[in-house]
Amino acid sequence: MNATAGRLLILASLLVSTAGALVAFAAGRSRSAYGLKWAQRFAYLFAALMVGATAVMEYALVTHDFSVSYVAQVGSRSTPLWVTMASLWSSLEGSLLFWGCVLGLYVAVATWLTRNAYEEYMPDAIGVWLACAAFFSFLLAGPANPFVLVPAQLDGPGPNPLLQNHLLMVVHPPFLYLGYVGMTIPFGLACAALIKGKLGPSILKPLRESLMLPWVFLTFAIMLGGWWAYEVLGWGGYWAWDPVENASLLPWLTATAALHSIIVVERRRVLKGWTVTLILATFLLVILGTFMTRSGVFNSVHSFTQSPIGPTILAFLAALLVFSIGLLAMRIDRLEVEGNFESAVSREGMMLFNNLLLVVLTFTVLVGTVFPLVVEAIRGRQMSVGRPYFDTMVVPAAALLVFLIGVGPALPWGKTSWKQIRRAVLPPLIGAMVFLMAGFLFGARNPWTLLTIAFGGYAAQVTLWQMRSPFAQVQRSPRRIAAYLVHAGVVIVMIAIAISSTMRYTQEVHVVKGGTATVGAWTITLAGIEQRDEPNRSATVARFVVAKNGVTKTILEPRMNQYERMREPIGTPDVYSTIGGDFYLSVMNIDPAEQSAAVNVIITPLVGWIWGAVILMGLGGLMALVPAFRFAFAGAPRAAALTLARSDGV
Amino acid sequence: MILSALLFVLATTTAAPDASIFVGPPQARPVAGAALDAQTQEVASLLRCPVCQGLSIADSPSEMAVNMKHQVRELIARGYSRQQILDYFERSYGQFVLLKPKFQGVNALVWLLPIFVVALGAALVVGKVKKLERLPEKQESASAAADPYLERVRNLVGEKP
Amino acid sequence: MNRKVLLAGLVLAGALVFILFAGLGRDPQAIDSPLVGRTAPPFTLREVGTGRAVSLDQLRGRPVVLNFWATWCGPCFEEHPTLVAAARATPNAQFIGVVFQDSEAKIQQFLDERGRAYPTVIDDAGKTAIAYGVGGVPETFFLDATGTIVAKHNGPLTSEVLEAYLSKAAQ
């Protein structure tokens, strides 16, 4: 019943999205308003069908309908309800269904917000969206069908234990999909601009905003992924340059570059072709990331195991690449340069420099990630490209980016006299000196850490100075404050990363019941070892009393969780977080017979600041969208003009 | 059966294969104390844990990694140099175990390509900026200029900061 | 038509797609051993149960099958009967089980329940496993009569595969 309903909805969505894409492209060619109306209807219908199919799946999961193949694969009567509901995205087929659902919602909302505007671009944009929708419907209808009817069993194995092991694993994937899938919208708009051979001022607003929203989600997703790794994997770090982590970072880097180059397009009416290229690249990297996660080619904690849909996604990626490159080659010269550069030593010049760094970073991370495949293909032997490589290559570029967050906004737009430049660029050196001294007193000695701190101080002074003025003058745009909030977040994140990764202290200790171990100023006492039975797992918990300088601070319970489906227990660390840093206990071994435990003690300064500052970045990004919400309902050209004029204040 | 009997030698000590069969005698000085901890951490962060996903043996909490880290520590204590230890692990696990690719053969590309792209990108950016600087500013074309609202609002807000 | 964009784009995209295509079907866990074709690293390890020392040096002159395994490894359960049967059927070759990251009591229990046909030695601190480049268990090395490693197999063995390797080691 559920399987049939779901399957029908998927087939209908495949039909609707294919037909809708054809209608939309036809309407784009014939400039038919009637055709556009129909394309919009198809877009809404696709969304409704996808949401419907997802609802059917959720219903099947919650009611334990084991005749649906996906439920039989991930469902279990013993898992708590929230785990059951979240198991929609715990495995390959369900996660693609969720992708389709999110895509439907994005397409519907984007279609609705643009229903009375940008008539020139919308048919082709909707066409591209629905063409992508058709591909994902095709995946769900064939190679990754979650609604196969299977002989019903009484119970299922339950989702991957890692999903059940921590709440963050439930939250992280939806944010990632909201980020990844959302990039379809700016991709469609950019393709439409290329098809029309024109990137006029009116389309910049929807382009920027449709890029900003998924950027915010992707920012959160990357942070949540790192936080999850930190809280769960037990090695006390948050980023391992794992292929799938890299896959989420790549589109983020190009999207960040595009968000900056759009501003240059707005202000100076140059870099149009470049901006469009960045937006196209962002979506292509999203599909590349999807391939990396789902093909089984890359070894990763986050990847789904060997799956047969790899070749299908690769074919889609290849088709998108050919389409994008062909479109760019045909139309890039038509995107007219209307403006010019007055001076390279200007805000726009620094944005160009920022774009260069971000693209080089993207390229480096991409090369490092796929290089083992290159060597295996041509030399037939395995090799690794790991953290030491990425640290060596990425850290200098990242430090320079922090510097640009300072220098860029300090410089005015356009041509300025050297005297003015000196006046803008020299005072923040005070901030750099103050931060440098503070960092040195804090104990930082690594030269790259100190450099990042100094650049951070420079950028912090500029950012605070720039944020101060908008509050004084009511007329300034919220977008401007928003941008500086994001910059402030980035500065804090970078300093926190620099310090937490170079000033970490780890020590292995072995403690028997009642015994203590001392690590620096901290003392841990093993209070006892307990066995706990929970519905979906059993746990061996080591209870530690944690004291600093003799004062008891907290009780930490690192544990070994044993899931029925897994032979080996999963160690789960426990963390005591303070503003200055984290005290982290990760069990290596618990011996209930001997009443002893071997734990890894990891003391990491400032790590909590990363999560906080990323939230600041995300909120800044959302704030940049506030005028968008305010004017979304007006839809008239007047509103667009107003917003554009306001945004010129940035 | 005779052969089987031969199998058991009257040895009282057990011995795992020694590093010297792969990389010869130690070439550095024996290390102890805090320096040993620091060097162990440094070398271990360059070696990949074979049972993990891209983690170094310095980071991984897995038993395999812990064993390997102890091995690294022992070798450093006995006076093996960093390069000898990396070579030792490479001899048994292959280049897979080295997290930092060697600068040799095809591997050199992974180091050189980004540097090449930096140079190429910088050249393109400089060229582009030079070209754009020479361009005169065209007057507002088409849609932007055609919108009187936009002009008015721009004047109201005060275009230049 | 901007030929520069077209050419650069297609070259980059073509390279990327080609590399990814070549990688399809690859098992990221399977690692080739650089030890194949070299003399097996010598070891002397203690036999589980008897405590006697077993030395690889004593086994020159006939093929040796070195099987690295552990009781906590699922595929090792599957392959155990295959190994036991093959060891009984091939008296000419010497089988040795090397267990690491495990306790002696568990190994004893495992062997009592599932049968033993050849000595099992215990590799304290996994040093022998490291010297052989062992990652995930089970992994099996095939040595010829001169003590040279002729093949390495990752993952559980089936009897056909085992047979093929044995004939290779016997040559």
# chains A, B, ... in the order shown; residues from 1 in each chain; ligands from 1
call {"tool": "residues_around", "arguments": {"residues": "A:Leu178", "least_positions_apart": "3", "cutoff": "9 Å", "atoms": "only C-alpha atoms", "output": "JSON list (two decimals) with C-alpha atoms, in the first residue's frame"}}
result
[["chain", "number", "residue", "atom", "x", "y", "z"],
["A", 99, "TRP", "CA", 16.87, 15.57, -1.31],
["A", 102, "VAL", "CA", 13.99, 19.73, -0.20],
["A", 103, "LEU", "CA", 14.47, 20.43, -3.92],
["A", 106, "TYR", "CA", 13.16, 25.24, -2.85],
["A", 173, "PRO", "CA", 22.36, 16.00, 7.32],
["A", 174, "PRO", "CA", 19.23, 18.18, 6.91],
["A", 175, "PHE", "CA", 21.38, 21.30, 7.07],
["A", 181, "VAL", "CA", 20.13, 21.38, -2.73],
["A", 182, "GLY", "CA", 19.60, 25.12, -2.41],
["A", 183, "MET", "CA", 22.51, 25.74, -4.76],
["A", 213, "LEU", "CA", 20.41, 31.21, 1.93],
["A", 214, "PRO", "CA", 22.00, 27.87, 1.00],
["A", 217, "PHE", "CA", 22.77, 26.37, 5.63],
["A", 218, "LEU", "CA", 26.01, 24.98, 4.26],
["A", 221, "ALA", "CA", 26.19, 22.09, 8.09]]
call {"tool": "closest_atom_pairs", "arguments": {"of": "chain A", "to": "chain C", "cutoff": "6 Å", "atoms": "only C-alpha atoms", "output": "tab-separated table"}}
result
residue	atom	partner	partner_atom	distance
A:Val297	CA	C:Leu24	CA	5.8
A:Asn299	CA	C:Pro28	CA	5.4
A:Ile325	CA	C:Gly9	CA	5.9
A:Ala329	CA	C:Asn2	CA	4.7
A:Met330	CA	C:Met1	CA	4.3
A:Val374	CA	C:Ile19	CA	5.9
call {"tool": "closest_residue", "arguments": {"among": "B:Thr13, B:Asn67, B:Gln95, B:Gln41", "to": "chain A", "atoms": "only C-alpha atoms"}}
result
B:Gln95
call {"tool": "select_by_dssp", "arguments": {"residues": "stretch 296-467 of chain A", "states": "alpha helix (DSSP H)", "output": "ChimeraX atom specification"}}
result
/A:310-331,347-379,387-410,418-425,429-442,447-467
call {"tool": "closest_residue", "arguments": {"among": "A:Val128, A:Val270, A:Leu288, A:Leu616", "to": "A:Thr219", "atoms": "only C-alpha atoms"}}
result
A:Leu616
call {"tool": "residues_around", "arguments": {"residues": "B:Val43", "least_positions_apart": "3", "cutoff": "8 Å", "atoms": "only C-alpha atoms", "output": "count of residues only"}}
result
7
call {"tool": "residues_around", "arguments": {"residues": "stretch 18-28 of chain B", "least_positions_apart": "6", "cutoff": "6 Å", "atoms": "only C-alpha atoms", "output": "list in words"}}
result
Gly79, Tyr80 and Ser81 of chain B
call {"tool": "atom_distance", "arguments": {"atom1": "atom CA of B:Arg91", "atom2": "atom CA of A:Trp241"}}
result
24.9 Å
call {"tool": "closest_atom_pairs", "arguments": {"of": "chain C", "to": "chain B", "cutoff": "7 Å", "atoms": "only C-alpha atoms", "output": "tab-separated table"}}
result
residue	atom	partner	partner_atom	distance
C:Ser33	CA	B:Tyr93	CA	6.2
C:Pro34	CA	B:Gly94	CA	5.6
C:Leu35	CA	B:Ser92	CA	6.2
C:Pro41	CA	B:Pro17	CA	5.6
C:Pro42	CA	B:Pro17	CA	5.3
C:Phe43	CA	B:Ala16	CA	4.8
C:Thr44	CA	B:Ala15	CA	4.8
C:Leu45	CA	B:Thr14	CA	4.9
C:Arg46	CA	B:Thr14	CA	6.3
C:Arg52	CA	B:Phe8	CA	6.4
C:Ala53	CA	B:Ala11	CA	5.8
C:Val54	CA	B:Phe8	CA	5.2
C:Ser55	CA	B:Leu7	CA	6.8
C:Gln58	CA	B:Leu7	CA	5.9
C:Leu59	CA	B:Leu7	CA	6.6
C:Ala125	CA	B:Asn67	CA	5.7
C:Gly126	CA	B:Asn67	CA	6.1
C:Lys127	CA	B:Ala16	CA	5.9
C:Thr128	CA	B:Ala16	CA	5.1
C:Ile130	CA	B:Met68	CA	7.0
C:Ala131	CA	B:Ser92	CA	5.7
C:Tyr132	CA	B:Ser92	CA	5.5
C:Gly133	CA	B:Ser92	CA	4.4
C:Gly135	CA	B:Pro50	CA	5.0
C:Gly136	CA	B:Val51	CA	5.8
call {"tool": "residues_around", "arguments": {"residues": "C:Glu139", "least_positions_apart": "4", "cutoff": "6 Å", "atoms": "only C-alpha atoms", "output": "PDB file with N, CA and C atoms, in the first residue's frame"}}
result
ATOM      1  N   PHE C  68      46.504 -13.597   9.443  1.00  0.00           N
ATOM      2  CA  PHE C  68      46.312 -12.644  10.542  1.00  0.00           C
ATOM      3  C   PHE C  68      44.822 -12.536  10.824  1.00  0.00           C
ATOM      4  N   HIS C 153      46.408 -11.655   0.533  1.00  0.00           N
ATOM      5  CA  HIS C 153      44.973 -11.553   0.297  1.00  0.00           C
ATOM      6  C   HIS C 153      44.320 -10.738   1.414  1.00  0.00           C
ATOM      7  N   ASN C 154      43.502  -9.748   1.026  1.00  0.00           N
ATOM      8  CA  ASN C 154      42.743  -8.970   2.005  1.00  0.00           C
ATOM      9  C   ASN C 154      41.346  -9.545   2.128  1.00  0.00           C
ATOM     10  N   GLY C 155      40.854  -9.659   3.336  1.00  0.00           N
ATOM     11  CA  GLY C 155      39.487 -10.126   3.527  1.00  0.00           C
ATOM     12  C   GLY C 155      39.428 -11.635   3.617  1.00  0.00           C
TER      13      GLY C 155
END
